[in-house]
$ cat run.pdb   # PDB, C-alpha atoms, pLDDT in the B column
ATOM      1  CA  MET A   1      98.892-156.376  68.149  1.00 38.00           C
ATOM      2  CA  TYR A   2     100.004-152.762  68.072  1.00 44.00           C
ATOM      3  CA  LEU A   3      97.129-150.920  66.410  1.00 45.00           C
ATOM      4  CA  ARG A   4      97.449-147.342  67.632  1.00 55.00           C
ATOM      5  CA  ASN A   5      94.789-144.836  66.800  1.00 51.00           C
ATOM      6  CA  LEU A   6      96.324-141.455  67.548  1.00 58.00           C
ATOM      7  CA  THR A   7      92.869-140.034  68.275  1.00 49.00           C
ATOM      8  CA  TYR A   8      94.207-137.058  70.185  1.00 54.00           C
ATOM      9  CA  PRO A   9      97.455-136.438  68.303  1.00 56.00           C
ATOM     10  CA  ARG A  10      98.164-133.194  70.142  1.00 56.00           C
ATOM     11  CA  MET A  11      98.794-135.291  73.245  1.00 58.00           C
ATOM     12  CA  MET A  12     101.384-137.331  71.331  1.00 61.00           C
ATOM     13  CA  LEU A  13     103.405-134.457  69.900  1.00 66.00           C
ATOM     14  CA  GLY A  14     106.627-133.321  71.515  1.00 72.00           C
ATOM     15  CA  THR A  15     107.933-129.783  71.682  1.00 74.00           C
ATOM     16  CA  PRO A  16     107.170-127.959  68.427  1.00 85.00           C
ATOM     17  CA  ASN A  17     110.125-126.612  66.461  1.00 90.00           C
ATOM     18  CA  ASN A  18     109.456-123.063  65.204  1.00 92.00           C
ATOM     19  CA  SER A  19     105.723-123.812  65.165  1.00 91.00           C
ATOM     20  CA  THR A  20     102.563-124.135  67.232  1.00 88.00           C
ATOM     21  CA  VAL A  21     100.095-127.029  67.370  1.00 87.00           C
ATOM     22  CA  SER A  22      96.354-126.771  67.869  1.00 85.00           C
ATOM     23  CA  MET A  23      93.427-129.157  67.585  1.00 83.00           C
ATOM     24  CA  ILE A  24      91.306-128.570  64.493  1.00 83.00           C
ATOM     25  CA  ALA A  25      88.033-126.946  65.561  1.00 79.00           C
ATOM     26  CA  GLY A  26      85.245-129.522  65.484  1.00 78.00           C
ATOM     27  CA  ASN A  27      87.680-132.326  64.599  1.00 70.00           C
ATOM     28  CA  GLN A  28      89.223-134.097  67.585  1.00 68.00           C
ATOM     29  CA  LYS A  29      91.125-136.443  65.292  1.00 77.00           C
ATOM     30  CA  GLY A  30      93.515-133.892  63.870  1.00 82.00           C
ATOM     31  CA  VAL A  31      95.869-131.001  64.425  1.00 87.00           C
ATOM     32  CA  THR A  32      96.916-127.829  62.643  1.00 90.00           C
ATOM     33  CA  ILE A  33     100.624-127.079  62.659  1.00 92.00           C
ATOM     34  CA  THR A  34     101.298-123.380  62.156  1.00 94.00           C
ATOM     35  CA  ALA A  35     104.744-121.891  61.519  1.00 95.00           C
ATOM     36  CA  GLN A  36     105.924-119.098  63.755  1.00 92.00           C
ATOM     37  CA  GLU A  37     106.340-115.907  61.737  1.00 89.00           C
ATOM     38  CA  GLY A  38     109.783-115.519  60.239  1.00 87.00           C
ATOM     39  CA  ARG A  39     110.929-118.997  61.280  1.00 89.00           C
ATOM     40  CA  GLN A  40     112.137-121.826  59.059  1.00 90.00           C
ATOM     41  CA  ASP A  41     112.077-125.615  59.336  1.00 90.00           C
ATOM     42  CA  CYS A  42     108.724-125.752  61.161  1.00 92.00           C
ATOM     43  CA  PHE A  43     107.563-129.108  62.537  1.00 92.00           C
ATOM     44  CA  VAL A  44     106.432-131.186  65.500  1.00 89.00           C
ATOM     45  CA  GLN A  45     107.317-134.787  66.121  1.00 88.00           C
ATOM     46  CA  MET A  46     106.242-137.914  67.965  1.00 87.00           C
ATOM     47  CA  TRP A  47     108.823-140.233  69.514  1.00 87.00           C
ATOM     48  CA  PHE A  48     108.355-144.020  69.729  1.00 87.00           C
ATOM     49  CA  ASN A  49     110.502-146.669  71.386  1.00 84.00           C
ATOM     50  CA  ALA A  50     108.585-149.754  70.208  1.00 73.00           C
ATOM     51  CA  PRO A  51     107.937-151.972  68.379  1.00 79.00           C
ATOM     52  CA  ARG A  52     111.250-152.786  66.743  1.00 87.00           C
ATOM     53  CA  ASP A  53     112.007-155.076  63.815  1.00 92.00           C
ATOM     54  CA  THR A  54     108.305-155.095  62.913  1.00 92.00           C
ATOM     55  CA  SER A  55     106.886-153.779  59.661  1.00 94.00           C
ATOM     56  CA  LEU A  56     104.716-150.752  60.514  1.00 93.00           C
ATOM     57  CA  VAL A  57     102.414-148.417  58.600  1.00 92.00           C
ATOM     58  CA  PHE A  58     101.856-144.758  59.473  1.00 92.00           C
ATOM     59  CA  GLN A  59      98.865-143.109  57.825  1.00 90.00           C
ATOM     60  CA  THR A  60      97.524-139.561  57.971  1.00 91.00           C
ATOM     61  CA  ASP A  61      95.528-137.163  55.820  1.00 92.00           C
ATOM     62  CA  ILE A  62      97.355-133.926  54.940  1.00 95.00           C
ATOM     63  CA  TRP A  63      95.178-131.038  53.752  1.00 93.00           C
ATOM     64  CA  ASN A  64      94.518-127.311  53.888  1.00 94.00           C
ATOM     65  CA  VAL A  65      98.181-126.507  53.327  1.00 96.00           C
ATOM     66  CA  VAL A  66      98.846-122.752  53.358  1.00 95.00           C
ATOM     67  CA  GLY A  67     102.161-121.226  52.307  1.00 94.00           C
ATOM     68  CA  ASP A  68     105.069-121.914  49.986  1.00 94.00           C
ATOM     69  CA  GLN A  69     105.221-125.718  49.797  1.00 92.00           C
ATOM     70  CA  SER A  70     108.799-125.605  48.503  1.00 92.00           C
ATOM     71  CA  THR A  71     109.937-124.574  52.011  1.00 92.00           C
ATOM     72  CA  VAL A  72     109.003-127.979  53.459  1.00 92.00           C
ATOM     73  CA  ARG A  73     112.519-129.395  53.510  1.00 88.00           C
ATOM     74  CA  ASN A  74     112.029-133.067  54.404  1.00 89.00           C
ATOM     75  CA  GLY A  75     108.426-133.620  53.350  1.00 92.00           C
ATOM     76  CA  TYR A  76     105.201-133.167  55.307  1.00 95.00           C
ATOM     77  CA  VAL A  77     105.860-136.472  57.059  1.00 95.00           C
ATOM     78  CA  LEU A  78     109.352-137.679  57.923  1.00 95.00           C
ATOM     79  CA  ILE A  79     110.055-140.982  59.667  1.00 95.00           C
ATOM     80  CA  ALA A  80     113.574-141.467  61.007  1.00 96.00           C
ATOM     81  CA  GLU A  81     115.466-143.653  63.453  1.00 96.00           C
ATOM     82  CA  LEU A  82     117.448-141.997  66.236  1.00 92.00           C
ATOM     83  CA  ASP A  83     120.981-142.445  67.601  1.00 90.00           C
ATOM     84  CA  PRO A  84     122.350-142.373  64.951  1.00 93.00           C
ATOM     85  CA  TRP A  85     119.914-140.518  62.702  1.00 93.00           C
ATOM     86  CA  LYS A  86     118.669-142.543  59.743  1.00 95.00           C
ATOM     87  CA  SER A  87     115.818-141.350  57.517  1.00 95.00           C
ATOM     88  CA  LEU A  88     113.446-144.212  56.717  1.00 94.00           C
ATOM     89  CA  PHE A  89     110.722-142.443  54.706  1.00 90.00           C
ATOM     90  CA  SER A  90     109.336-139.052  53.847  1.00 92.00           C
ATOM     91  CA  ALA A  91     106.205-137.883  52.051  1.00 92.00           C
ATOM     92  CA  ALA A  92     106.080-134.639  50.109  1.00 90.00           C
ATOM     93  CA  ASN A  93     102.525-134.950  48.792  1.00 91.00           C
ATOM     94  CA  THR A  94      99.207-133.948  50.346  1.00 93.00           C
ATOM     95  CA  GLY A  95      96.075-136.092  50.689  1.00 94.00           C
ATOM     96  CA  ARG A  96      96.119-139.507  52.354  1.00 92.00           C
ATOM     97  CA  VAL A  97      99.672-140.637  53.037  1.00 93.00           C
ATOM     98  CA  SER A  98     100.510-144.221  54.016  1.00 92.00           C
ATOM     99  CA  LEU A  99     104.147-145.024  54.753  1.00 94.00           C
ATOM    100  CA  LYS A 100     105.469-148.531  55.419  1.00 95.00           C
ATOM    101  CA  PHE A 101     108.711-148.897  57.366  1.00 95.00           C
ATOM    102  CA  THR A 102     110.558-151.278  59.693  1.00 95.00           C
ATOM    103  CA  PRO A 103     112.377-149.557  62.560  1.00 95.00           C
ATOM    104  CA  THR A 104     115.289-151.287  64.269  1.00 95.00           C
ATOM    105  CA  ARG A 105     115.561-148.757  67.131  1.00 94.00           C
ATOM    106  CA  ASP A 106     113.758-145.722  68.572  1.00 92.00           C
ATOM    107  CA  PHE A 107     112.162-143.585  65.879  1.00 93.00           C
ATOM    108  CA  ILE A 108     110.339-140.319  65.327  1.00 92.00           C
ATOM    109  CA  ILE A 109     107.461-139.335  63.104  1.00 92.00           C
ATOM    110  CA  ARG A 110     107.795-135.659  62.186  1.00 93.00           C
ATOM    111  CA  LEU A 111     104.907-133.595  60.806  1.00 93.00           C
ATOM    112  CA  ALA A 112     105.911-130.368  59.032  1.00 95.00           C
ATOM    113  CA  CYS A 113     104.294-127.271  57.563  1.00 95.00           C
ATOM    114  CA  PRO A 114     105.550-124.601  55.142  1.00 95.00           C
ATOM    115  CA  ASP A 115     107.549-121.670  56.522  1.00 94.00           C
ATOM    116  CA  SER A 116     105.125-118.829  57.356  1.00 91.00           C
ATOM    117  CA  GLY A 117     102.226-121.224  56.695  1.00 95.00           C
ATOM    118  CA  SER A 118     100.255-124.109  58.138  1.00 95.00           C
ATOM    119  CA  ALA A 119      99.016-127.627  57.409  1.00 95.00           C
ATOM    120  CA  ASN A 120      96.296-129.890  58.799  1.00 94.00           C
ATOM    121  CA  PHE A 121      97.004-133.516  59.716  1.00 91.00           C
ATOM    122  CA  THR A 122      93.966-135.677  60.450  1.00 87.00           C
ATOM    123  CA  GLN A 123      93.249-139.291  61.314  1.00 83.00           C
ATOM    124  CA  PRO A 124      96.840-140.258  62.159  1.00 85.00           C
ATOM    125  CA  LEU A 125      97.226-143.990  62.628  1.00 85.00           C
ATOM    126  CA  LEU A 126     100.179-146.246  63.425  1.00 87.00           C
ATOM    127  CA  MET A 127      99.821-150.026  63.091  1.00 87.00           C
ATOM    128  CA  THR A 128     101.651-153.173  62.081  1.00 88.00           C
ATOM    129  CA  GLU A 129     101.578-154.052  58.402  1.00 92.00           C
ATOM    130  CA  ALA A 130      99.620-157.220  59.292  1.00 90.00           C
ATOM    131  CA  GLU A 131      96.932-155.087  60.961  1.00 86.00           C
ATOM    132  CA  TRP A 132      96.989-152.749  57.964  1.00 87.00           C
ATOM    133  CA  ASN A 133      96.262-155.701  55.693  1.00 90.00           C
ATOM    134  CA  GLU A 134      93.454-156.927  57.984  1.00 87.00           C
ATOM    135  CA  LEU A 135      91.896-153.461  58.068  1.00 82.00           C
ATOM    136  CA  HIS A 136      91.892-153.217  54.280  1.00 83.00           C
ATOM    137  CA  ALA A 137      90.528-156.757  53.954  1.00 88.00           C
ATOM    138  CA  LEU A 138      87.491-155.439  55.888  1.00 82.00           C
ATOM    139  CA  GLY A 139      87.146-152.651  53.331  1.00 81.00           C
ATOM    140  CA  GLU A 140      88.189-150.023  55.876  1.00 75.00           C
ATOM    141  CA  GLY A 141      90.828-147.336  55.533  1.00 72.00           C
ATOM    142  CA  TYR A 142      90.836-146.020  59.090  1.00 68.00           C
ATOM    143  CA  PHE A 143      90.363-147.566  62.521  1.00 62.00           C
ATOM    144  CA  ASP A 144      88.275-145.312  64.744  1.00 58.00           C
ATOM    145  CA  GLY A 145      87.432-147.810  67.468  1.00 55.00           C
ATOM    146  CA  ASP A 146      84.099-149.019  66.146  1.00 50.00           C
ATOM    147  CA  LEU A 147      85.252-152.035  64.140  1.00 47.00           C
ATOM    148  CA  MET A 148      84.282-154.512  66.843  1.00 48.00           C
ATOM    149  CA  PRO A 149      83.551-158.122  65.865  1.00 48.00           C
ATOM    150  CA  LEU A 150      79.940-159.226  65.803  1.00 44.00           C
ATOM    151  CA  THR A 151      78.923-161.661  68.527  1.00 48.00           C
ATOM    152  CA  ASN A 152      77.325-164.903  67.346  1.00 45.00           C
ATOM    153  CA  GLY A 153      78.131-164.206  63.715  1.00 44.00           C
TER     154      GLY A 153
END

$ encode --input "run.pdb" --output "structure tokens"
Amino acid sequence: MYLRNLTYPRMMLGTPNNSTVSMIAGNQKGVTITAQEGRQDCFVQMWFNAPRDTSLVFQTDIWNVVGDQSTVRNGYVLIAELDPWKSLFSAANTGRVSLKFTPTRDFIIRLACPDSGSANFTQPLLMTEAEWNELHALGEGYFDGDLMPLTNG
């Protein structure tokens, strides 16, 4: 089981590229990525070294996008393998994004915002596709830690 609720995503993000990252006020399950003035290709990314050869799902809600959306070069979410670089998926739309992919080596999940703008990313979640299916079978769309089984039925 790999279910990973990225409850405090700011802790997971590496060094921002031409941007800053801040927690959304009053929402500890999300971040705002803000472009540095005059910079291009603004993003932050998370690096993962496991699991490999397992079908995974990354989900996040993208909203409150400010700025020229055409400047987001590789989508708001980009998933790619490293060494050598291989793009697996990208998402250019806002709202709830769910991307299924199967990495064979270390990979990154990159979250981007428009140049001279910002974007909010909330409720990020990384899980196996099997867990994704189980979650949806329960009628849930997000694991926040309170889906514990009932004792004695």

$ closest_atom_pairs --input "run.pdb" --of "range 58-145 of chain A" --to "range 46-49 of chain A" --cutoff "9 Å" --atoms "all atoms listed in the file" --output "CSV"
residue,atom,partner,partner_atom,distance
A:Arg105,CA,A:Asn49,CA,6.9
A:Asp106,CA,A:Asn49,CA,4.4
A:Phe107,CA,A:Phe48,CA,5.4
A:Ile108,CA,A:Trp47,CA,4.5
A:Ile109,CA,A:Met46,CA,5.2
A:Arg110,CA,A:Met46,CA,6.4
A:Leu111,CA,A:Met46,CA,8.5

$ atom_distance --input "run.pdb" --atom1 "CA of Asn64 in chain A" --atom2 "CA of Asn133 in chain A"
28.5 Å

$ resolve_selection --input "run.pdb" --expression "the PyMOL selection byres ((chain A and resi 84) around 12)" --output "list in words"
Ala80, Glu81, Leu82, Asp83, Trp85, Lys86, Ser87, Thr104, Arg105, Asp106 and Phe107 of chain A

$ residues_around --input "run.pdb" --residues "Ala35 in chain A" --least-positions-apart "3" --cutoff "9 Å" --atoms "all atoms listed in the file" --output "list in words"
Asn17, Asn18, Ser19, Thr20, Gly38, Arg39, Gln40, Asp41, Cys42, Phe43, Ala112, Cys113, Pro114, Asp115, Ser116, Gly117 and Ser118 of chain A

$ atom_distance --input "run.pdb" --atom1 "CA of Arg73 in chain A" --atom2 "CA of Trp132 in chain A"
28.4 Å

$ resolve_selection --input "run.pdb" --expression "the PyMOL selection byres ((chain A and resi 61) around 6)" --output "VMD selection string"
chain A and resid 60 62 95 to 96 121 to 122

$ write_last_selection --input "run.pdb" --atoms "C-alpha atoms" --output "short mmCIF file (atom, residue, chain, number, x, y, z; two decimals), keeping the file's coordinate frame"
data_model
loop_
_atom_site.label_atom_id
_atom_site.label_comp_id
_atom_site.auth_asym_id
_atom_site.auth_seq_id
_atom_site.Cartn_x
_atom_site.Cartn_y
_atom_site.Cartn_z
CA THR A 60 97.52 -139.56 57.97
CA ILE A 62 97.36 -133.93 54.94
CA GLY A 95 96.08 -136.09 50.69
CA ARG A 96 96.12 -139.51 52.35
CA PHE A 121 97.00 -133.52 59.72
CA THR A 122 93.97 -135.68 60.45
#

$ closest_residue --input "run.pdb" --among "A:Val97, A:Leu88, A:Val44, A:Leu125" --to "Ser22 in chain A" --atoms "all atoms listed in the file"
A:Val44

$ atom_distance --input "run.pdb" --atom1 "CA of Thr34 in chain A" --atom2 "CA of Val21 in chain A"
6.5 Å

$ closest_residue --input "run.pdb" --among "A:Gly14, A:Glu37, A:Leu56, A:Thr32" --to "Ala130 in chain A" --atoms "all atoms listed in the file"
A:Leu56

$ resolve_selection --input "run.pdb" --expression "the PyMOL selection byres ((chain A and resi 53) around 6)" --output "number ranges by chain"
A: 52, 54, 102-104

$ closest_residue --input "run.pdb" --among "A:Ala50, A:Asn74, A:Gln59, A:Met23" --to "Gly141 in chain A" --atoms "all atoms listed in the file"
A:Gln59

$ residues_near_point --input "run.pdb" --point "(108.7, -140.6, 53.5)" --cutoff "8 Å" --atoms "only C-alpha atoms" --output "PDB file with C-alpha atoms, in the frame of the given file"
ATOM      1  CA  GLY A  75     108.426-133.620  53.350  1.00 92.00           C
ATOM      2  CA  VAL A  77     105.860-136.472  57.059  1.00 95.00           C
ATOM      3  CA  LEU A  78     109.352-137.679  57.923  1.00 95.00           C
ATOM      4  CA  ILE A  79     110.055-140.982  59.667  1.00 95.00           C
ATOM      5  CA  LEU A  88     113.446-144.212  56.717  1.00 94.00           C
ATOM      6  CA  PHE A  89     110.722-142.443  54.706  1.00 90.00           C
ATOM      7  CA  SER A  90     109.336-139.052  53.847  1.00 92.00           C
ATOM      8  CA  ALA A  91     106.205-137.883  52.051  1.00 92.00           C
ATOM      9  CA  ALA A  92     106.080-134.639  50.109  1.00 90.00           C
ATOM     10  CA  LEU A  99     104.147-145.024  54.753  1.00 94.00           C
TER      11      LEU A  99
END

$ closest_residue --input "run.pdb" --among "A:Tyr76, A:Asn93, A:Asp68, A:Lys100" --to "Ile33 in chain A" --atoms "all atoms listed in the file"
A:Tyr76

$ closest_residue --input "run.pdb" --among "A:Val57, A:Gln45, A:Ala119, A:Asn27" --to "Val72 in chain A" --atoms "only C-alpha atoms"
A:Ala119

$ closest_residue --input "run.pdb" --among "A:Ser55, A:Glu140, A:Thr94, A:Gly67" --to "Leu126 in chain A" --atoms "only C-alpha atoms"
A:Ser55
